[in-house]
>>> print(open('upload-v2.csv').read())   # CSV, C-alpha atoms
chain,number,residue,atom,x,y,z
A,1,MET,CA,-15.2,-25.0,-15.0
A,2,ALA,CA,-15.8,-22.7,-12.1
A,3,THR,CA,-18.2,-20.0,-13.4
A,4,ASN,CA,-18.6,-18.2,-10.0
A,5,PRO,CA,-16.3,-15.2,-10.2
A,6,MET,CA,-15.9,-15.2,-6.4
A,7,HIS,CA,-14.7,-18.8,-6.3
A,8,GLN,CA,-11.1,-17.8,-6.8
A,9,PHE,CA,-11.0,-16.1,-3.4
A,10,GLN,CA,-11.9,-19.2,-1.5
A,11,VAL,CA,-9.4,-20.2,1.2
A,12,HIS,CA,-9.1,-24.0,1.5
A,13,ARG,CA,-6.8,-26.3,3.4
A,14,VAL,CA,-3.7,-27.7,1.8
A,15,GLY,CA,-2.3,-30.7,3.6
A,16,PRO,CA,-3.3,-32.0,7.0
A,17,GLU,CA,-5.6,-30.3,9.5
A,18,ILE,CA,-3.7,-28.7,12.4
A,19,LYS,CA,-5.8,-27.7,15.4
A,20,PHE,CA,-4.2,-25.9,18.2
A,21,GLY,CA,-6.4,-25.2,21.3
A,22,GLY,CA,-9.5,-24.7,19.2
A,23,ILE,CA,-7.7,-22.4,16.7
A,24,ASP,CA,-7.4,-23.7,13.1
A,25,LEU,CA,-3.8,-23.4,12.2
A,26,SER,CA,-3.9,-25.5,9.0
A,27,PHE,CA,-1.7,-24.7,6.1
A,28,THR,CA,-4.1,-23.1,3.5
A,29,ASN,CA,-3.6,-22.0,-0.1
A,30,ALA,CA,-3.3,-18.4,1.3
A,31,SER,CA,-0.3,-19.4,3.4
A,32,LEU,CA,1.1,-21.4,0.5
A,33,PHE,CA,1.1,-18.4,-1.8
A,34,MET,CA,2.5,-16.1,0.9
A,35,PHE,CA,5.3,-18.6,1.2
A,36,ILE,CA,5.8,-18.8,-2.5
A,37,SER,CA,6.0,-14.9,-2.7
A,38,ALA,CA,8.5,-14.8,0.1
A,39,LEU,CA,10.5,-17.5,-1.6
A,40,VAL,CA,10.5,-15.7,-4.9
A,41,ILE,CA,11.7,-12.5,-3.3
A,42,CYS,CA,14.5,-14.2,-1.4
A,43,LEU,CA,15.6,-16.1,-4.4
A,44,PHE,CA,15.5,-13.1,-6.7
A,45,LEU,CA,17.4,-10.8,-4.4
A,46,PHE,CA,19.9,-13.5,-3.6
A,47,LEU,CA,20.6,-14.1,-7.2
A,48,GLY,CA,20.5,-10.4,-7.9
A,49,THR,CA,23.2,-9.5,-5.3
A,50,LYS,CA,25.3,-12.6,-5.7
A,51,GLU,CA,27.7,-11.2,-8.3
A,52,LYS,CA,28.6,-7.6,-7.7
A,53,LYS,CA,29.7,-6.4,-11.1
A,54,ILE,CA,30.3,-2.8,-12.3
A,55,ILE,CA,28.3,-3.6,-15.4
A,56,PRO,CA,25.3,-5.4,-13.9
A,57,ASN,CA,23.4,-8.2,-15.5
A,58,LYS,CA,19.6,-8.0,-15.7
A,59,MET,CA,18.9,-9.5,-12.2
A,60,GLN,CA,21.4,-7.2,-10.5
A,61,LEU,CA,20.1,-4.2,-12.5
A,62,ILE,CA,16.5,-4.8,-11.3
A,63,SER,CA,17.5,-5.3,-7.7
A,64,GLU,CA,19.6,-2.1,-7.7
A,65,LEU,CA,16.7,-0.3,-9.4
A,66,LEU,CA,14.4,-1.5,-6.7
A,67,TYR,CA,16.8,-0.4,-4.0
A,68,ASN,CA,17.2,3.1,-5.5
A,69,PHE,CA,13.5,3.4,-6.1
A,70,ILE,CA,12.6,2.8,-2.4
A,71,ALA,CA,15.6,4.8,-1.1
A,72,LYS,CA,14.5,7.8,-3.1
A,73,MET,CA,10.9,7.4,-2.1
A,74,ILE,CA,11.8,7.4,1.6
A,75,SER,CA,14.1,10.3,1.4
A,76,ASP,CA,11.6,12.3,-0.7
A,77,THR,CA,8.6,11.7,1.6
A,78,ALA,CA,10.0,11.1,5.1
A,79,GLY,CA,13.4,12.8,5.0
A,80,THR,CA,16.7,11.5,6.3
A,81,LYS,CA,15.3,10.6,9.8
A,82,ALA,CA,13.5,7.7,8.2
A,83,LYS,CA,16.6,6.0,7.0
A,84,PRO,CA,16.6,3.4,9.8
A,85,TYR,CA,13.2,2.1,8.7
A,86,PHE,CA,14.4,1.4,5.1
A,87,SER,CA,14.5,-2.3,5.5
A,88,PHE,CA,10.9,-2.4,6.9
A,89,ILE,CA,9.5,-0.3,4.0
A,90,PHE,CA,11.5,-2.2,1.4
A,91,SER,CA,10.3,-5.6,2.7
A,92,LEU,CA,6.7,-4.2,2.8
A,93,PHE,CA,6.8,-2.9,-0.7
A,94,VAL,CA,8.4,-5.9,-2.2
A,95,PHE,CA,6.1,-8.3,-0.4
A,96,VAL,CA,2.9,-6.5,-1.4
A,97,LEU,CA,4.2,-6.1,-5.0
A,98,ILE,CA,5.2,-9.8,-5.4
A,99,CYS,CA,2.0,-11.0,-3.8
A,100,ASN,CA,0.0,-8.9,-6.3
A,101,MET,CA,2.2,-10.1,-9.2
A,102,VAL,CA,2.0,-13.8,-8.2
A,103,GLY,CA,-1.8,-13.3,-8.0
A,104,MET,CA,-1.8,-12.3,-11.7
A,105,LEU,CA,-0.6,-15.7,-12.8
A,106,PRO,CA,-3.4,-18.1,-13.9
A,107,TYR,CA,-4.6,-20.6,-11.3
A,108,SER,CA,-2.8,-18.7,-8.5
A,109,PHE,CA,-4.3,-17.1,-5.4
A,110,THR,CA,-4.1,-13.4,-4.6
A,111,VAL,CA,-3.2,-13.1,-1.0
A,112,THR,CA,-3.8,-9.3,-0.9
A,113,SER,CA,-7.4,-9.7,-2.1
A,114,HIS,CA,-8.3,-10.7,1.4
A,115,ILE,CA,-9.0,-7.9,3.8
A,116,ILE,CA,-7.7,-9.7,6.8
A,117,VAL,CA,-4.2,-9.8,5.3
A,118,THR,CA,-4.1,-6.2,4.3
A,119,LEU,CA,-5.8,-5.1,7.6
A,120,ILE,CA,-3.2,-6.9,9.7
A,121,MET,CA,-0.4,-5.2,7.7
A,122,ALA,CA,-2.0,-1.8,8.0
A,123,MET,CA,-2.7,-2.3,11.7
A,124,PHE,CA,0.9,-3.3,12.3
A,125,ILE,CA,2.0,-0.1,10.5
A,126,PHE,CA,-0.5,2.0,12.5
A,127,VAL,CA,0.6,0.6,15.9
A,128,ALA,CA,4.3,0.8,15.0
A,129,VAL,CA,4.0,4.4,13.8
A,130,THR,CA,2.1,5.4,16.9
A,131,VAL,CA,4.7,3.7,19.2
A,132,ILE,CA,7.5,5.4,17.3
A,133,GLY,CA,5.8,8.8,17.6
A,134,PHE,CA,5.4,8.3,21.4
A,135,ILE,CA,9.0,7.1,21.8
A,136,LYS,CA,10.4,10.1,19.8
A,137,HIS,CA,8.2,12.8,21.2
A,138,GLY,CA,6.7,11.5,24.4
A,139,PHE,CA,3.3,13.0,25.3
A,140,LYS,CA,4.0,15.9,22.9
A,141,TYR,CA,3.0,13.4,20.2
A,142,LEU,CA,-0.6,14.0,21.2
A,143,SER,CA,-0.3,17.5,19.8
A,144,ILE,CA,-0.9,16.2,16.3
A,145,PHE,CA,-4.6,16.0,17.4
A,146,VAL,CA,-4.6,19.7,18.2
A,147,PRO,CA,-3.8,21.8,15.1
A,148,SER,CA,-2.4,25.2,15.6
A,149,GLY,CA,-4.4,28.4,15.0
A,150,VAL,CA,-7.8,27.0,15.9
A,151,PRO,CA,-10.2,29.1,18.0
A,152,ALA,CA,-10.7,27.8,21.5
A,153,LEU,CA,-14.5,27.3,21.0
A,154,LEU,CA,-13.9,24.9,18.1
A,155,LEU,CA,-11.0,23.1,19.7
A,156,PRO,CA,-12.9,20.1,21.2
A,157,LEU,CA,-14.8,19.5,17.9
A,158,ILE,CA,-11.6,19.7,15.8
A,159,THR,CA,-9.8,17.4,18.2
A,160,VAL,CA,-12.5,14.7,17.9
A,161,ILE,CA,-12.4,15.1,14.1
A,162,GLU,CA,-8.6,14.7,14.1
A,163,ILE,CA,-8.8,11.6,16.2
A,164,ILE,CA,-11.3,10.0,13.8
A,165,SER,CA,-9.1,11.0,10.9
A,166,TYR,CA,-6.1,9.4,12.6
A,167,LEU,CA,-8.0,6.2,13.4
A,168,SER,CA,-9.2,6.0,9.8
A,169,ARG,CA,-5.7,5.6,8.5
A,170,PRO,CA,-5.4,1.8,8.8
A,171,VAL,CA,-8.9,1.4,7.4
A,172,SER,CA,-8.2,3.4,4.3
A,173,LEU,CA,-4.8,1.8,3.9
A,174,SER,CA,-6.1,-1.7,4.0
A,175,VAL,CA,-9.4,-1.2,2.2
A,176,ARG,CA,-7.7,0.5,-0.8
A,177,LEU,CA,-5.3,-2.4,-1.5
A,178,PHE,CA,-8.0,-5.1,-0.8
A,179,ALA,CA,-10.7,-3.4,-2.9
A,180,ASN,CA,-8.4,-2.8,-5.9
A,181,MET,CA,-7.1,-6.3,-6.0
A,182,MET,CA,-10.5,-8.0,-5.4
A,183,ALA,CA,-12.4,-5.8,-7.9
A,184,GLY,CA,-9.7,-6.3,-10.6
A,185,HIS,CA,-9.6,-10.1,-10.2
A,186,THR,CA,-13.4,-10.4,-10.1
A,187,MET,CA,-13.6,-8.4,-13.3
A,188,LEU,CA,-11.0,-10.5,-15.0
A,189,LYS,CA,-13.0,-13.6,-14.1
A,190,VAL,CA,-16.3,-12.2,-15.2
A,191,PHE,CA,-14.9,-11.3,-18.6
A,192,GLY,CA,-13.3,-14.7,-18.8
A,193,GLY,CA,-16.8,-16.2,-18.2
A,194,PHE,CA,-18.2,-14.1,-21.0
A,195,VAL,CA,-15.7,-15.5,-23.4
A,196,VAL,CA,-16.7,-19.1,-22.5
A,197,SER,CA,-20.5,-18.4,-22.6
A,198,LEU,CA,-20.4,-16.4,-25.9
A,199,GLY,CA,-18.4,-19.1,-27.6
A,200,ILE,CA,-16.2,-18.8,-30.7
A,201,LEU,CA,-18.5,-16.3,-32.5
A,202,GLY,CA,-19.1,-13.7,-29.9
A,203,GLY,CA,-16.2,-14.4,-27.5
A,204,TRP,CA,-13.6,-12.2,-29.2
A,205,LEU,CA,-14.8,-8.9,-27.8
A,206,PRO,CA,-14.7,-9.9,-24.1
A,207,LEU,CA,-11.4,-11.7,-24.9
A,208,SER,CA,-9.9,-8.4,-26.1
A,209,PHE,CA,-11.3,-6.7,-23.0
A,210,SER,CA,-9.7,-9.4,-20.9
A,211,VAL,CA,-6.3,-8.9,-22.5
A,212,ALA,CA,-6.5,-5.1,-21.9
A,213,LEU,CA,-7.7,-5.6,-18.3
A,214,THR,CA,-4.8,-7.9,-17.6
A,215,GLY,CA,-2.4,-5.1,-18.6
A,216,LEU,CA,-4.3,-2.7,-16.4
A,217,GLU,CA,-4.3,-5.2,-13.5
A,218,ILE,CA,-0.5,-5.4,-13.7
A,219,LEU,CA,-0.3,-1.6,-13.5
A,220,VAL,CA,-2.7,-1.6,-10.5
A,221,ALA,CA,-0.7,-4.3,-8.8
A,222,PHE,CA,2.4,-2.2,-9.0
A,223,LEU,CA,0.6,1.1,-8.2
A,224,GLN,CA,-1.1,-0.3,-5.1
A,225,ALA,CA,2.1,-1.7,-3.7
A,226,TYR,CA,3.6,1.8,-4.3
A,227,VAL,CA,0.8,3.6,-2.7
A,228,PHE,CA,0.9,1.2,0.3
A,229,ALA,CA,4.6,1.9,0.8
A,230,ILE,CA,4.4,5.7,0.2
A,231,LEU,CA,1.5,6.1,2.6
A,232,THR,CA,3.6,4.2,5.2
A,233,CYS,CA,6.4,6.7,4.6
A,234,ILE,CA,4.0,9.6,5.0
A,235,TYR,CA,2.6,8.3,8.3
A,236,LEU,CA,6.2,7.7,9.4
A,237,ASN,CA,7.0,11.3,8.5
A,238,ASP,CA,4.1,12.6,10.6
A,239,ALA,CA,5.5,10.6,13.5
A,240,LEU,CA,9.1,11.5,13.1
A,241,ASN,CA,8.8,15.2,12.2
A,242,LEU,CA,6.1,16.7,14.3
A,243,HIS,CA,4.3,19.7,12.7
A,244,HIS,CA,5.7,19.6,9.2
B,1,MET,CA,43.5,0.0,-19.7
B,2,ASP,CA,43.9,3.0,-17.4
B,3,LYS,CA,42.7,5.4,-20.0
B,4,ASP,CA,39.8,3.1,-20.8
B,5,ASP,CA,38.9,3.0,-17.1
B,6,GLY,CA,38.7,6.7,-16.8
B,7,ASP,CA,36.7,7.0,-19.9
B,8,PHE,CA,34.3,4.5,-18.6
B,9,LYS,CA,33.9,6.3,-15.2
B,10,THR,CA,32.9,9.5,-16.9
B,11,ARG,CA,30.6,7.7,-19.2
B,12,LEU,CA,29.0,6.0,-16.3
B,13,LYS,CA,28.6,9.3,-14.4
B,14,ILE,CA,26.9,10.9,-17.4
B,15,ALA,CA,24.6,8.0,-18.0
B,16,LYS,CA,23.7,7.9,-14.3
B,17,GLU,CA,22.8,11.6,-14.3
B,18,LYS,CA,20.7,11.3,-17.4
B,19,PHE,CA,18.9,8.3,-16.0
B,20,ASN,CA,18.2,10.0,-12.7
B,21,LYS,CA,17.0,13.1,-14.4
B,22,ASP,CA,14.8,11.6,-17.2
B,23,PHE,CA,13.6,8.2,-16.2
B,24,LEU,CA,13.3,8.3,-12.5
B,25,ALA,CA,11.8,11.8,-12.3
B,26,GLU,CA,9.3,11.0,-15.0
B,27,SER,CA,8.2,7.6,-13.6
B,28,ASN,CA,8.0,8.9,-10.0
B,29,LYS,CA,5.8,11.8,-11.0
B,30,ARG,CA,3.4,9.7,-13.0
B,31,GLY,CA,3.3,7.0,-10.3
B,32,SER,CA,2.5,9.4,-7.5
B,33,PHE,CA,-0.2,11.3,-9.5
B,34,MET,CA,-2.2,8.1,-10.2
B,35,GLY,CA,-1.5,6.9,-6.6
B,36,SER,CA,-2.9,10.1,-5.2
B,37,ALA,CA,-6.0,9.8,-7.4
B,38,PHE,CA,-6.6,6.3,-6.0
B,39,ARG,CA,-6.0,7.7,-2.5
B,40,LEU,CA,-8.7,10.4,-2.4
B,41,GLY,CA,-11.7,8.1,-2.7
B,42,THR,CA,-10.9,5.7,0.1
B,43,GLU,CA,-9.8,8.5,2.3
B,44,LEU,CA,-13.3,9.9,2.5
B,45,VAL,CA,-15.1,6.5,2.9
B,46,ALA,CA,-12.7,5.2,5.6
B,47,ALA,CA,-13.2,8.2,7.8
B,48,VAL,CA,-17.0,8.1,7.5
B,49,ALA,CA,-16.9,4.4,8.3
B,50,VAL,CA,-14.6,4.8,11.3
B,51,GLY,CA,-16.7,7.6,12.6
B,52,THR,CA,-19.9,5.6,12.3
B,53,ILE,CA,-18.4,2.6,13.9
B,54,ILE,CA,-17.2,4.7,16.9
B,55,GLY,CA,-20.7,6.2,17.2
B,56,PHE,CA,-22.2,2.7,17.2
B,57,ILE,CA,-19.8,1.4,19.9
B,58,LEU,CA,-20.3,4.4,22.1
B,59,ASP,CA,-24.1,4.2,21.6
B,60,SER,CA,-24.2,0.6,23.0
B,61,TRP,CA,-21.9,1.6,25.8
B,62,PHE,CA,-23.9,4.6,27.0
B,63,ASP,CA,-27.3,3.3,25.9
B,64,THR,CA,-28.1,6.5,24.0
B,65,LYS,CA,-29.3,5.0,20.7
B,66,PRO,CA,-29.4,6.5,18.1
B,67,TRP,CA,-27.9,9.9,19.0
B,68,LEU,CA,-24.2,9.2,19.1
B,69,ILE,CA,-24.2,7.3,15.9
B,70,ILE,CA,-25.8,10.3,14.2
B,71,ILE,CA,-23.3,12.8,15.7
B,72,PHE,CA,-20.3,10.6,14.9
B,73,PHE,CA,-21.5,10.0,11.4
B,74,PHE,CA,-21.3,13.7,10.7
B,75,LEU,CA,-18.0,14.0,12.6
B,76,GLY,CA,-16.7,11.2,10.5
B,77,SER,CA,-17.8,13.0,7.3
B,78,ALA,CA,-16.0,16.1,8.5
B,79,ALA,CA,-12.9,14.0,9.1
B,80,GLY,CA,-13.1,12.6,5.6
B,81,MET,CA,-13.4,16.0,4.1
B,82,MET,CA,-10.4,17.1,6.1
B,83,ASN,CA,-8.4,14.1,4.9
B,84,ILE,CA,-9.3,14.9,1.3
B,85,ILE,CA,-8.4,18.6,1.7
B,86,ARG,CA,-5.1,17.6,3.3
B,87,THR,CA,-4.2,15.1,0.6
B,88,ALA,CA,-5.1,17.6,-2.2
B,89,LYS,CA,-2.9,20.2,-0.5
B,90,LYS,CA,0.0,17.8,-0.3
B,91,MET,CA,-0.5,16.9,-4.0
B,92,GLN,CA,-0.4,20.6,-5.0
B,93,LYS,CA,2.7,21.2,-2.9
B,94,GLU,CA,4.5,18.4,-4.7
B,95,GLU,CA,3.6,19.8,-8.1
>>> encode(input="upload-v2.csv", output="structure tokens")
Amino acid sequence: MATNPMHQFQVHRVGPEIKFGGIDLSFTNASLFMFISALVICLFLFLGTKEKKIIPNKMQLISELLYNFIAKMISDTAGTKAKPYFSFIFSLFVFVLICNMVGMLPYSFTVTSHIIVTLIMAMFIFVAVTVIGFIKHGFKYLSIFVPSGVPALLLPLITVIEIISYLSRPVSLSVRLFANMMAGHTMLKVFGGFVVSLGILGGWLPLSFSVALTGLEILVAFLQAYVFAILTCIYLNDALNLHH
Amino acid sequence: MDKDDGDFKTRLKIAKEKFNKDFLAESNKRGSFMGSAFRLGTELVAAVAVGTIIGFILDSWFDTKPWLIIIFFFLGSAAGMMNIIRTAKKMQKEE
């Protein structure tokens, strides 16, 4: 019985050790659960789109709902110019969502509770958005650091503040997802530990908390995936439509 | 069969409209509100952290400890405030 609530976040090797020029490339439980999530997504969407009926079955209904949901989100926040990036945002949302949801299963591992995973995703988005901005607008893209209607005296100060604000995007994006997932899972484990230590007499109260927290965690898992995707859309919007 | 088909199409259209209006609008709104609430907190902290880290790096470059870290801490706080005001404005616009 692992009573340490942080034990669930440990990354350990699954299978043989693979060393490649001093870098440890072994297959870990984190990679395993990323692989499982990707497999679940592929299988689900494959089965959901296999039969194209007018009256859909449940699988098809959920896949279509998912498609509509993302399509509407992109057109609402980033406009029609963001249509070419649909597949990227769809994959991002579904991957984060399924990773969070797979993490809710007992004995599983939550990939998104590790900051390195979320930070890499956020960094990729940040670099991609910056590159897209420079491709679309050239050096005029730098004008997002210079807001209009600012007195010349304050301009250097505001520009520095704007640059810090721009650089803080990947940090806030990744920390939000990571902190939410880690805090939630730690809390679940702590309450689970209370149930065991208080025994059959006193364990009912923490057990009921645990049940309620599980429901909340599922909501958070969905919400954080949604926030991750919608913020990507907002950043994309800033890059595509300069001075909104 | 033909009559049935036409009937079905109109029914589908009505159902779709109803679904879009009620369900999607409702769930989208609620989702984005809670999402924005989660957003505000990290927005401030991230900007302060990034500002302080920049100050720390510049300090070790120019050997000006501890002045730049202090200046950039305040600049980062200002950036965080600006982030929050911007997010709040966006939220109000959506309303």
>>> residues_around(input="upload-v2.csv", residues="Thr214 (chain A)", least_positions_apart="5", cutoff="9 Å", atoms="all atoms listed in the file", output="ChimeraX atom specification")
/A:104,184,188,209,219
>>> closest_atom_pairs(input="upload-v2.csv", of="chain A", to="chain B", cutoff="7 Å", atoms="all atoms listed in the file", output="tab-separated table")
residue	atom	partner	partner_atom	distance
A:Ile161	CA	B:Ala79	CA	5.1
A:Glu162	CA	B:Ala79	CA	6.6
A:Ile164	CA	B:Gly51	CA	6.0
A:Ser165	CA	B:Ala79	CA	5.2
A:Ser168	CA	B:Ala47	CA	5.0
A:Val171	CA	B:Ala46	CA	5.7
A:Ser172	CA	B:Ala46	CA	5.0
A:Arg176	CA	B:Thr42	CA	6.2
A:Leu223	CA	B:Gly35	CA	6.4
A:Val227	CA	B:Gly35	CA	5.6
>>> atom_distance(input="upload-v2.csv", atom1="CA of Val127 (chain A)", atom2="CA of Ser87 (chain A)")
17.6 Å
>>> closest_residue(input="upload-v2.csv", among="A:Ile41, A:Ala239, A:Leu65, A:Val150", to="Val131 (chain A)", atoms="only C-alpha atoms")
A:Ala239
>>> atom_distance(input="upload-v2.csv", atom1="CA of Ser75 (chain A)", atom2="CA of Phe44 (chain A)")
24.8 Å
